[in-house]
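Right, one structure below, let's go through it.
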There are 4 protein chains.
Amino acid sequence: MRNTAVLLIACPDKKGLVAAIANFLLAHDANILHADQHQDSEAGLFLMRVEWALEGFTLGLHRFAETFAPVAAAHQMDWRLALASVRPRMAIFVSRFDHCLADLLYRQHAGELYCDIPLIISNHPDTHWLAEAYRIPFRHIPVNKAIKPDAEAQQQALLAAHHVDFIVLARYMQVLSRDFISHYPNRIINIHHSFLPAFHGAKPYQRAFERGVKLIGATSHYVTEVLDDGPIIEQDVTRISHRDDLEDLVQKGADLEKVVLSRAVKWHIDNRILVYGNKTVVFD
Amino acid sequence: MRNTAVLLIACPDKKGLVAAIANFLLAHDANILHADQHQDSEAGLFLMRVEWALEGFTLGLHRFAETFAPVAAAHQMDWRLALASVRPRMAIFVSRFDHCLADLLYRQHAGELYCDIPLIISNHPDTHWLAEAYRIPFRHIPVNKAIKPDAEAQQQALLAAHHVDFIVLARYMQVLSRDFISHYPNRIINIHHSFLPAFHGAKPYQRAFERGVKLIGATSHYVTEVLDDGPIIEQDVTRISHRDDLEDLVQKGADLEKVVLSRAVKWHIDNRILVYGNKTVVFD
Amino acid sequence: MRNTAVLLIACPDKKGLVAAIANFLLAHDANILHADQHQDSEAGLFLMRVEWALEGFTLGLHRFAETFAPVAAAHQMDWRLALASVRPRMAIFVSRFDHCLADLLYRQHAGELYCDIPLIISNHPDTHWLAEAYRIPFRHIPVNKAIKPDAEAQQQALLAAHHVDFIVLARYMQVLSRDFISHYPNRIINIHHSFLPAFHGAKPYQRAFERGVKLIGATSHYVTEVLDDGPIIEQDVTRISHRDDLEDLVQKGADLEKVVLSRAVKWHIDNRILVYGNKTVVFD
Amino acid sequence: MRNTAVLLIACPDKKGLVAAIANFLLAHDANILHADQHQDSEAGLFLMRVEWALEGFTLGLHRFAETFAPVAAAHQMDWRLALASVRPRMAIFVSRFDHCLADLLYRQHAGELYCDIPLIISNHPDTHWLAEAYRIPFRHIPVNKAIKPDAEAQQQALLAAHHVDFIVLARYMQVLSRDFISHYPNRIINIHHSFLPAFHGAKPYQRAFERGVKLIGATSHYVTEVLDDGPIIEQDVTRISHRDDLEDLVQKGADLEKVVLSRAVKWHIDNRILVYGNKTVVFD
């Protein structure tokens, strides 16, 4: 794991922003490893991600906020500091389909996803064995319309108790309430099994099959209050043909879902994503 | 050019269909070069494409229909015979964007598309120079709401006079009337600059940009009376990022449109496409 | 699982082959579900795969060989019959990298790979936990130059005792001896972590990185006596950039390797692959 | 066309480089539009591309070199300044295959490639008609072993007379002499019809066909004295199957070659490419 810090910034675009940040970092002997920026000229917005080595950095991180405050104030910056060495805590929600869960667990185990997984929550007991294989706590919380408020209260209590930083919906087939979502802005990542905005909502493979498309897709996005409408993080597609029946689509799609979801999770963990408006910037 | 015949068949699925066709062809000494079939088990449909060498084939093609009739009748076959040596006659409709037109003209010239192009029709004079470079007759027929019926009548007269077999809408920005379309069932190929059914209708790149998708697409399809809803022939996508503005999308999309349209046109010419329901089978 | 039979045929190309097979099957009331063929005109070879429902098929399978013999003899056919309901027995060889192993175990568990896995053999103990999670017998057989003959003898004894049909080298880092390979012609599937024939041999990612390629690849192939030179079954690539260091290549490549290997294994299990010369036909 | 300047820099990596450049530009009121950097930690190299608006920039460009000299000297920078408004002058070399030529001419005409084309040179007269359609001067200079030195002298004289900045080999089938190449370091772009380093040298499609690969590729690269070994700019691949004969490979490959070459040319024109060692950085 790299001993680096990442600073994410969004502010109104104007001259001198790169210099302001570079000078601030240089003043404290930072060795910049990556710096990437984006201007949205329509929105007049400047977005930046800069990563530097902490070895040799002369500013104590506990004093970063107060020291950086004047720079941030001068340029009306929204900013966020993250340390690459800190493992964020990810909860996984899952229902019966377990391919995304199995994929995430393997990648975390293999060191590809630098995070802790203190908790798996499912409305079905089916995936318990996988949680056990990877020694992750598993909680079965049934959900139906009548008990949903109770179930969500239980979920939130668990998330709080486990100090969860963000949630991944790994083919979790329940719609979360607006209230639940409002507690985790840009901190719930969902995988939808279509190339959004095509086939948003229910049964996307069925509808793709009926429409006779030649490619199927998957989309990972942050969850907002409007179903399948949040900021898109990643998408990909795979080719199908008339020989593929609905079951083939489901199977080919599963491979897509795994990859598209795990990329989004990795970028989130690596602090590469900035949300603005209903879009994302994913810094390389 | 190969001296071969292609038979395309659709009929209710049952046992013995492959044998029936193979035996009919063998009885006339056909050397089968390709045979491909597809069953749609839900629809109970059998679809087949078989291609054989005409050298050594002992049945005169003028007598094919009457000789094959009993087989076709016994199995309720819809069928169509095509000769690879016959160049179908393709008309191209175009407006101002000329990338698809330039691409089709080059491919036809290079021998990649085995067809004749007796006619280019445009509602703008802009692409006249390209038609001239490739020595293809060009007709400028302005269109607006008031004169559309007249314009279409003029178009249809030209298509008839030039014995046109099928029409390619190479970014033709006018909506054809239902009446016009009804004269060319499964014989008008359109390119839509999105991954249908996402962003059907107007300004797909603009809407893709606003939605923040990570891939843009293009779709070629047969034109039916419902806009952007006909049987899909081919689709493809390309990756974009937050760095791409609307103009970049248009440019990256243009490359997709060319490829996706030209594949559809080639498959149509090669008699590889069978339409059933609102889908296509594209035989390899 | 479908109750079907698959017949794979290779023979010298001539007229009447499709009819001969279709008639044989029809004579026993077979309902053909898929039939696909390929002619290699240079080699004068005819290759076919035909699959039919066993329900209603009037020829007992124990009598298939003798009944089909005259047809096969008349056309000099090499042929092989397989039943979709029979689960082939797959052994997995693995070393320390466990991503392909984890992927194969998950897919088999999920029903995507219709096979039994009676045995995992490794020259390292590291992946034992994965075998345990999926309850597959695991044997640790160390290998080095001195003890290789002994190790291979031990491996072969185990393969025989477990009635293994084919072997998958899931990033097994030992070169098998010619003698070992000769016992399993076209029955050992390897994954090589490059786009063959580029970077055959050792350290392909390192060499790809040094050459500055813009895409990296993976190749699954049957193992023959010449290293990395057997018939290619499947290949795929993924994009990299100057931002990717060697470690990134290894990680991006791992995702490729999993997909490219699992496709090859699935096609092998589904009896879709015919080897001829040093090439494969993979029937759709 | 944007009224911007691009500065490309390569120097030994150390702290303060971003700040040094940002401060220099800010001192002259530059509005930075894009800044992208790359560190090669192994080589200890810092590479940067920065683009700013010239409107409001207070340093006259005729004085840029002398004003920037102290900064460059302090950090041992290799640097190059380019103006987006200046159209570089591109010569195209071509033989008989004309698909890349047709593609480049169309893209330049459509405004996609911001350059002038003062000259097409061919060792065959076949593509004259295309040059004429786009009104580009065409020179036919036959080449064979005996007259190659004369031919190259003639070519160089023409290139000088037309003030050519860089050369594109659009399927030019002659090997250029070392001497010729030495006059245009990193200024000759070639398209090779394989996925290098696989199938370097002659007849790559033939060899790909014989090896039975499942994907074919194309590679654009700068020409160096070692054949097909220069710094790779871009690569892409497309899927083939056993159904594709050699002619199909050539045709599918042609589409790849066009795209892979035109991307390289566009990036070269946009001053996005930095060569270091035998690799390229292509800034987004």
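Here, A, B, ... name the chains of the structure tokens in the order displayed, residue numbers run from 1 inside each chain, and ligands are numbered from 1 in the same displayed order.
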Kindly determine which residues of chain C lie within 8 Å of chain B, considering only C-alpha atoms, and give the answer as a PyMOL selection string. chain C and resi 14-16+18-19+22-23+26+29-39
All residues 12 Å or closer to Lys214 (chain D), only C-alpha atoms, same chain fewer than 3 positions away omitted, as number ranges by chain: C: 195-197, 217-221, 231-237, 260, 279-282; D: 208-211, 217, 237-244, 249
Apply DSSP to the backbone of this structure and, from region 41-280 of chain A, keep only the residues in alpha helix (DSSP H); write these as a PyMOL selection string. chain A and resi 64-74+99-109+128-133+148-161+178-182+204-211+246-269
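Compared by their closest atoms to Gln155 (chain D), and using only C-alpha atoms, the residues D:Thr58, D:Gln251, D:Ser182, D:Ser122 rank with D:Ser122 nearest.
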Can you pull out every residue within 10 Å of region 140-147 of chain A, counting only C-alpha atoms, but drop anything in the same chain fewer than 5 positions away, and send it as a ChimeraX atom specification? /A:94-95,120-128,152-155,174
Residues from last step as file, N, CA and C atoms, as a short mmCIF file (atom, residue, chain, number, x, y, z; two decimals), in the first residue's frame:
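Final output, selection12.cif:
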data_model
loop_
_atom_site.label_atom_id
_atom_site.label_comp_id
_atom_site.auth_asym_id
_atom_site.auth_seq_id
_atom_site.Cartn_x
_atom_site.Cartn_y
_atom_site.Cartn_z
N VAL A 94 -26.75 -7.98 -0.68
CA VAL A 94 -26.90 -8.97 -1.75
C VAL A 94 -28.23 -9.70 -1.56
N SER A 95 -28.77 -10.25 -2.65
CA SER A 95 -29.98 -11.08 -2.54
C SER A 95 -29.60 -12.52 -2.87
N ILE A 120 -21.77 -8.25 5.55
CA ILE A 120 -22.61 -8.56 4.39
C ILE A 120 -24.05 -8.64 4.91
N ILE A 121 -24.95 -7.95 4.23
CA ILE A 121 -26.37 -8.00 4.61
C ILE A 121 -27.15 -8.59 3.45
N SER A 122 -28.01 -9.55 3.74
CA SER A 122 -28.81 -10.13 2.66
C SER A 122 -30.25 -10.35 3.11
N ASN A 123 -31.18 -10.20 2.19
CA ASN A 123 -32.58 -10.53 2.50
C ASN A 123 -32.87 -12.01 2.29
N HIS A 124 -31.83 -12.78 1.96
CA HIS A 124 -31.96 -14.23 1.82
C HIS A 124 -30.76 -14.90 2.47
N PRO A 125 -30.91 -16.13 2.93
CA PRO A 125 -29.77 -16.79 3.59
C PRO A 125 -28.81 -17.47 2.61
N ASP A 126 -29.13 -17.46 1.31
CA ASP A 126 -28.43 -18.31 0.34
C ASP A 126 -26.92 -18.12 0.28
N THR A 127 -26.44 -16.91 0.45
CA THR A 127 -25.02 -16.66 0.21
C THR A 127 -24.17 -16.77 1.48
N HIS A 128 -24.78 -17.29 2.52
CA HIS A 128 -24.07 -17.40 3.79
C HIS A 128 -22.75 -18.16 3.65
N GLU A 152 -34.93 -1.68 7.34
CA GLU A 152 -33.96 -0.61 7.07
C GLU A 152 -33.40 -0.02 8.36
N ALA A 153 -34.23 0.07 9.36
CA ALA A 153 -33.73 0.57 10.65
C ALA A 153 -32.66 -0.37 11.19
N GLN A 154 -32.93 -1.66 11.04
CA GLN A 154 -31.97 -2.67 11.49
C GLN A 154 -30.67 -2.56 10.69
N GLN A 155 -30.83 -2.40 9.39
CA GLN A 155 -29.65 -2.26 8.52
C GLN A 155 -28.82 -1.03 8.92
N GLN A 174 -33.88 -5.35 -3.68
CA GLN A 174 -34.86 -4.51 -3.00
C GLN A 174 -34.57 -3.04 -3.31
#
Within 12 Å of Ala102 (chain D), counting only C-alpha atoms, which residues qualify if same-chain residues fewer than 2 places away don't, as a PyMOL selection string? (chain B and resi 99+102-107+109-110+133) or (chain D and resi 92+94+96-100+104-109+120+127-134+136+170-171+254-255+257-259+262)
Counting only C-alpha atoms, what is within 6 Å of region 72-89 of chain C, bar same-chain residues fewer than 2 positions away, as a ChimeraX atom specification? /C:3-11,69-70,114-117,164-165
CA of Tyr276 (chain B) and CA of Asp229 (chain B) are how many Å apart?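 CA of Asp229 (chain B) lies 14.0 Å from CA of Tyr276 (chain B).
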Just checking: using only C-alpha atoms, which residue out of C:His193, C:Glu225, C:Met48, C:Leu113 ends up closest to His268 (chain C)?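 Of C:His193, C:Glu225, C:Met48, C:Leu113, the one nearest His268 (chain C), counting only C-alpha atoms, is C:Leu113.
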Pairwise distance for CA of Asn278 (chain B) and CA of Gly212 (chain A), rounded to one decimal in Å: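 CA of Gly212 (chain A) lies 7.3 Å from CA of Asn278 (chain B).
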Please identify the strand (DSSP E) residues within region 66-122 of chain D (assignment by DSSP from backbone atoms) and present them as a ChimeraX atom specification. /D:78-83,89-94,116-122
So what do you get for CA of Pro149 (chain A) versus CA of Leu119 (chain A), distance-wise?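 Separation of CA of Pro149 (chain A) and CA of Leu119 (chain A): 19.8 Å.
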